[in-house]
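J.: Can you read through this structure? Questions will come right after.
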Amino acid sequence: MSTHPDDNPVTTTRRRLLAAGSAAIGGAVLAAGASAAAETDNLPPNIPEWMKAPGEPMGSQPYGAPSPFEKGVVKNISKTLKQYISASGRTPLQELDGIITPNGLFYERHHGGVPTIDPAQHRLMLHGLVDRPLIFTMDDLRRFPSQSRIHFLECSGNPGYSKPYGKTASDLVGLVSCAEWTGVSLKLVLQEAGLKPEAKWVVAEGADAAALTRSIPIEKCLEDAMLVYSQNGERLRPQQGYPLRLLLPGFEGNMSVKWLRRLHVAAEPVYSREETSKYTDLLPDGTAREFSFYMEAKSIITRPSGGQRLSAAGFHEITGIAWSGHGKIVRVDVSVDDGKSWQEARLQEPVLTRALTRFRLPWHWDGKPTVIQSRAIDETGYVQPTLAELLAVRGENYFYHNNAIWPWRIAHDGEVTNALA
Amino acid sequence: MHWRKTCGVVFAILAGICANGARAQGSYGIGRPATAAEIAGWNIDVGHDGSNLPKGSGSVGHGREVYAQQCASCHGDKGEGGVGDRLAGGQGTIGTAKPVRTVGSYWPYAPTLFDYIRRAMPQNAPQSLSDDDVYAVSAYILNLNGLVGADATLDAKSLAAIRMPNRDKFVGDARPDVKK
């Protein structure tokens with residue numbers, strides 16, 4: 001971010017504003033800013049300082065950065081991780097509007113750090129049960145007919161089944177994001193190599209230090225899988241797999257292998273460490289579900305949500321996001337009376353398959369303590385369950401695929417907290 | 001990796017077969033043929049049945065030494081865990097309220113251990129261990145779990161023959177499991 005030099009006459013006021021702005025952002029308070037701004041001379045009837053001198057010249061930000069007043073809107077990264085090269089950072093869902101996640105705030109999960117890959121040296125090798133094993137450069141892949149589609153991506157451990165669950169929407173389910181992805185249909189590239197009849201799985205491998213591998217059913221590869229090189233219009237960020245990643249819409253995020261360098265077409269899954277010791281779902285009886293890929297229907301209210309505060313009784317819009325790995329969201333119900341009754345929220349267009357869907361409900365808060373929550377229904381008829389319903393079947397050790405309804409408690413003073421914490 | 005070089009020489013003879021016709025047959029003619037040597041160099045996938053395991057072998061004793069140098073600082077002297085995952089123990093806990101998931105208690109296939117160590121460990125220098133060292137470290141971790149004796153030496157065949165205690169406990173995905 002660019003700032004004025006110290007001899008600029010507006011610096012003092014600007015610094016004060018910056019401090020006030022960042023303080024307000026920290027709590028994502030719905031009533032933010034009013035009291036801080038009142039201390040300045042920039043309000044009516046006075047002319048604000050930023051109208052009395054030219055602003056930053058063209059070229060001061062050749063890429064661009066958010067307003068300095070938004071500097072608190074950053075990824076939610078724990079300060080107490082055991083290690084940072086195999087860790088995750090969450091999207092600040094409660095700070096965002098619409099359905100598209102800005103690239104800089106897209107959630108991250110790495111298993112061996114973020115590699116710096118020269119795209120000129122990157123190769124994708126396609127081999128195994130194919131007629132013609134092939135090697136592609138990035139230029140090769142960009143020559144194929146391209147497509148752009150909007151899909152969510154979600155880590156399967158978002159969140160776990162045991163306390164502590166976290167305080168904010170980001171703490172709870174910040175390992176989901178949504179973007180417009182551009183690349184080439186995986187089906188097209190597999191056809192270029194020619195699949196043999198025995199081809200049932202494709203083992204994808206990343207070019208990171210974890211050389212992460214996951215096995216993907218051939219049906220998914222031929223349905224809607226993509227080889228992606230761009231995200232929201234620009235080339236992938238390194239954290240998202242630059243220069244090439246796989247995208248498997250609706251499947252757990254770990255399978256959309258980043259920094260993709262190899263596709264091994266096989267008759268069987270490889271049973272890699274990720275798909276045996278990690279991304280399996282342990283049930284109370286000691287059995288564990290394997291190859292559990294889909295992310296089921298889910299929603300969360302992002303405003304008002306944990307860490308925020310309603311400024312006053314009266315009108316507020318309730319809004320949030322819903323998504324399903326099985327297709328489109330067809331309905332989101334919202335309860336403002338602790339689950340006693342439900343109202344149908346309005347779905348914001350576009351409602352896309354395997355994408356975040358924004359929902360909204362107008363609401364008059366009477367100023368009394370209550371609990372609000374949302375539940376999503378997808379086009380298969382599946383209804384988002386409660387945490388209690390999930391725990392009754394799966395127990396606390398299941399760890400992945402927690403798509404529970406998440407209620408927010410609103411106190412008499414408007415403070416919003418996690419009702420299940 | 002010696003085995004990759006060896007495989008490269010062996011398979012190089014076959015490379016020309018793959019090269020013929022790929023451009024002509026693909027719909028778009030994009031990409032170039034991958035030679036057998038190139039594939040052998042990159043294809044380090046080890047199947048759960050031990051397929052594609054390389055030549056070589058390693059003993060528990062040697063594995064103890066490699067482990068002490070390369071692994072113990074993250075995983076503990078006896079695989080008890082630390083910054084890295086716990087690797088040993090936990091047998092009998094998987095169906096309890098406090099499951100301890102380790103190589104010995106949870107992993108269904110022993111060859112996966114070789115695959116993962118070779119491709120991703122040690123975390124600060126992955127793919128730096130020789131195949132013999134990977135066999136040795138695998139043997140030592142399996143020994144810590146009581147699955148091979150202290151005098152064992154593992155190679156492709158013997159590693160694939162190990163029956164992991166939790167192998168039969170994996171089931172299919174039964175979701176949707178909460179229905180309304």
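We name chains A, B, ... following the order of the structure tokens; residues begin at 1 in each chain, and ligands are numbered from 1 as shown.
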Please return, as a ChimeraX atom specification, all residues of range 28-163 of chain B that DSSP assigns to helix (DSSP H, G or I) on the basis of the backbone.
T.: /B:36-42,60-70,72-75,111-120,131-144,156-161
J.: When the cut-off is 6 Å and we count only C-alpha atoms, which residues of chain B are near chain A, given as a list of chain:residue names?
T.: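 Here they are: B:Ala22, B:Gly26, B:Ser27, B:Gly31, B:Arg32, B:Pro33, B:Ala34, B:Gly47, B:His48, B:Val83, B:Ile94, B:Gly95, B:Trp107, B:Thr112, B:Arg119, B:Ala120, B:Lys169, B:Phe170, B:Val171, B:Gly172, B:Asp173.
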J.: Could you work out how far CA of Thr357 in chain A lies from CA of Asp378 in chain A, giving the answer in Å with one decimal?
T.: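 We find that CA of Asp378 in chain A and CA of Thr357 in chain A lie 10.9 Å from each other.
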J.: Using CA of Ile141 in chain B and CA of Leu53 in chain B as the two end points, give the distance in Å to one decimal.
T.: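 Taking CA of Ile141 in chain B as the start and CA of Leu53 in chain B as the end point, the length is 17.6 Å.
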J.: Pick out the closest residue to Val60 in chain B from this set: B:Val103, B:Thr35, B:Gly76, B:Leu154. Count only C-alpha atoms.
T.: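 Under the stated criterion, the closest residue is B:Leu154.
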J.: Can you list every residue in range 149-249 of chain A that DSSP puts in strand (DSSP E), as an MDAnalysis selection string?
T.: chainID A and resid 149:154 176:185 201:206 213:217 226:231 234:235 245:247
J.: When you draw a straight line from CA of Pro92 in chain A to CA of Ser170 in chain A, how long is it in Å?
T.: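 Answer for the CA of Pro92 in chain A to CA of Ser170 in chain A separation: 5.1 Å.
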J.: Identify which of the residues B:Ser128, B:Tyr116, B:Asn166, B:Ala152 lies closest to Ile44 in chain B, counting only C-alpha atoms when measuring atom-to-atom distances.
T.: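 Looking only at the distances to Ile44 in chain B, the closest residue turns out to be B:Tyr116.
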J.: Taking 6 positions as the minimum chain separation for residues in the same chain, which residues sit within 7 Å of Gly157 in chain A when counting only C-alpha atoms? Answer as a VMD selection string.
T.: chain A and resid 399 to 401
J.: Produce a file of the selected residues containing all heavy atoms, as a PDB file, in the first residue's frame.
T.:
ATOM      1  N   PHE A 399     -14.299 -36.545  11.922  1.00  0.00           N
ATOM      2  CA  PHE A 399     -13.406 -35.432  11.562  1.00  0.00           C
ATOM      3  C   PHE A 399     -13.783 -34.701  10.280  1.00  0.00           C
ATOM      4  O   PHE A 399     -13.866 -33.481  10.263  1.00  0.00           O
ATOM      5  CB  PHE A 399     -11.939 -35.859  11.475  1.00  0.00           C
ATOM      6  CG  PHE A 399     -11.022 -34.655  11.474  1.00  0.00           C
ATOM      7  CD1 PHE A 399     -10.705 -34.016  12.655  1.00  0.00           C
ATOM      8  CD2 PHE A 399     -10.538 -34.115  10.292  1.00  0.00           C
ATOM      9  CE1 PHE A 399      -9.907 -32.874  12.657  1.00  0.00           C
ATOM     10  CE2 PHE A 399      -9.746 -32.975  10.279  1.00  0.00           C
ATOM     11  CZ  PHE A 399      -9.432 -32.370  11.465  1.00  0.00           C
ATOM     12  N   TYR A 400     -14.001 -35.401   9.171  1.00  0.00           N
ATOM     13  CA  TYR A 400     -14.243 -34.698   7.908  1.00  0.00           C
ATOM     14  C   TYR A 400     -15.741 -34.580   7.597  1.00  0.00           C
ATOM     15  O   TYR A 400     -16.570 -35.235   8.198  1.00  0.00           O
ATOM     16  CB  TYR A 400     -13.550 -35.424   6.755  1.00  0.00           C
ATOM     17  CG  TYR A 400     -12.051 -35.470   6.899  1.00  0.00           C
ATOM     18  CD1 TYR A 400     -11.390 -36.660   7.212  1.00  0.00           C
ATOM     19  CD2 TYR A 400     -11.278 -34.318   6.742  1.00  0.00           C
ATOM     20  CE1 TYR A 400     -10.006 -36.703   7.333  1.00  0.00           C
ATOM     21  CE2 TYR A 400      -9.896 -34.352   6.866  1.00  0.00           C
ATOM     22  CZ  TYR A 400      -9.266 -35.547   7.166  1.00  0.00           C
ATOM     23  OH  TYR A 400      -7.900 -35.588   7.294  1.00  0.00           O
ATOM     24  N   HIS A 401     -16.033 -33.733   6.623  1.00  0.00           N
ATOM     25  CA  HIS A 401     -17.389 -33.626   6.057  1.00  0.00           C
ATOM     26  C   HIS A 401     -18.441 -33.207   7.081  1.00  0.00           C
ATOM     27  O   HIS A 401     -19.546 -33.708   7.076  1.00  0.00           O
ATOM     28  CB  HIS A 401     -17.807 -34.947   5.399  1.00  0.00           C
ATOM     29  CG  HIS A 401     -16.817 -35.452   4.399  1.00  0.00           C
ATOM     30  ND1 HIS A 401     -16.567 -34.810   3.216  1.00  0.00           N
ATOM     31  CD2 HIS A 401     -15.995 -36.533   4.399  1.00  0.00           C
ATOM     32  CE1 HIS A 401     -15.647 -35.469   2.543  1.00  0.00           C
ATOM     33  NE2 HIS A 401     -15.277 -36.520   3.232  1.00  0.00           N
TER      34      HIS A 401
END
J.: So that I can check the surroundings of range 319-335 of chain A, please list as a PyMOL selection string every protein, DNA and RNA residue that reaches within 6 Å of it, counting only C-alpha atoms and ignoring chain neighbours fewer than 2 positions away.
T.: chain A and resi 250+294-303+337+339+341-345+352-360+372-379
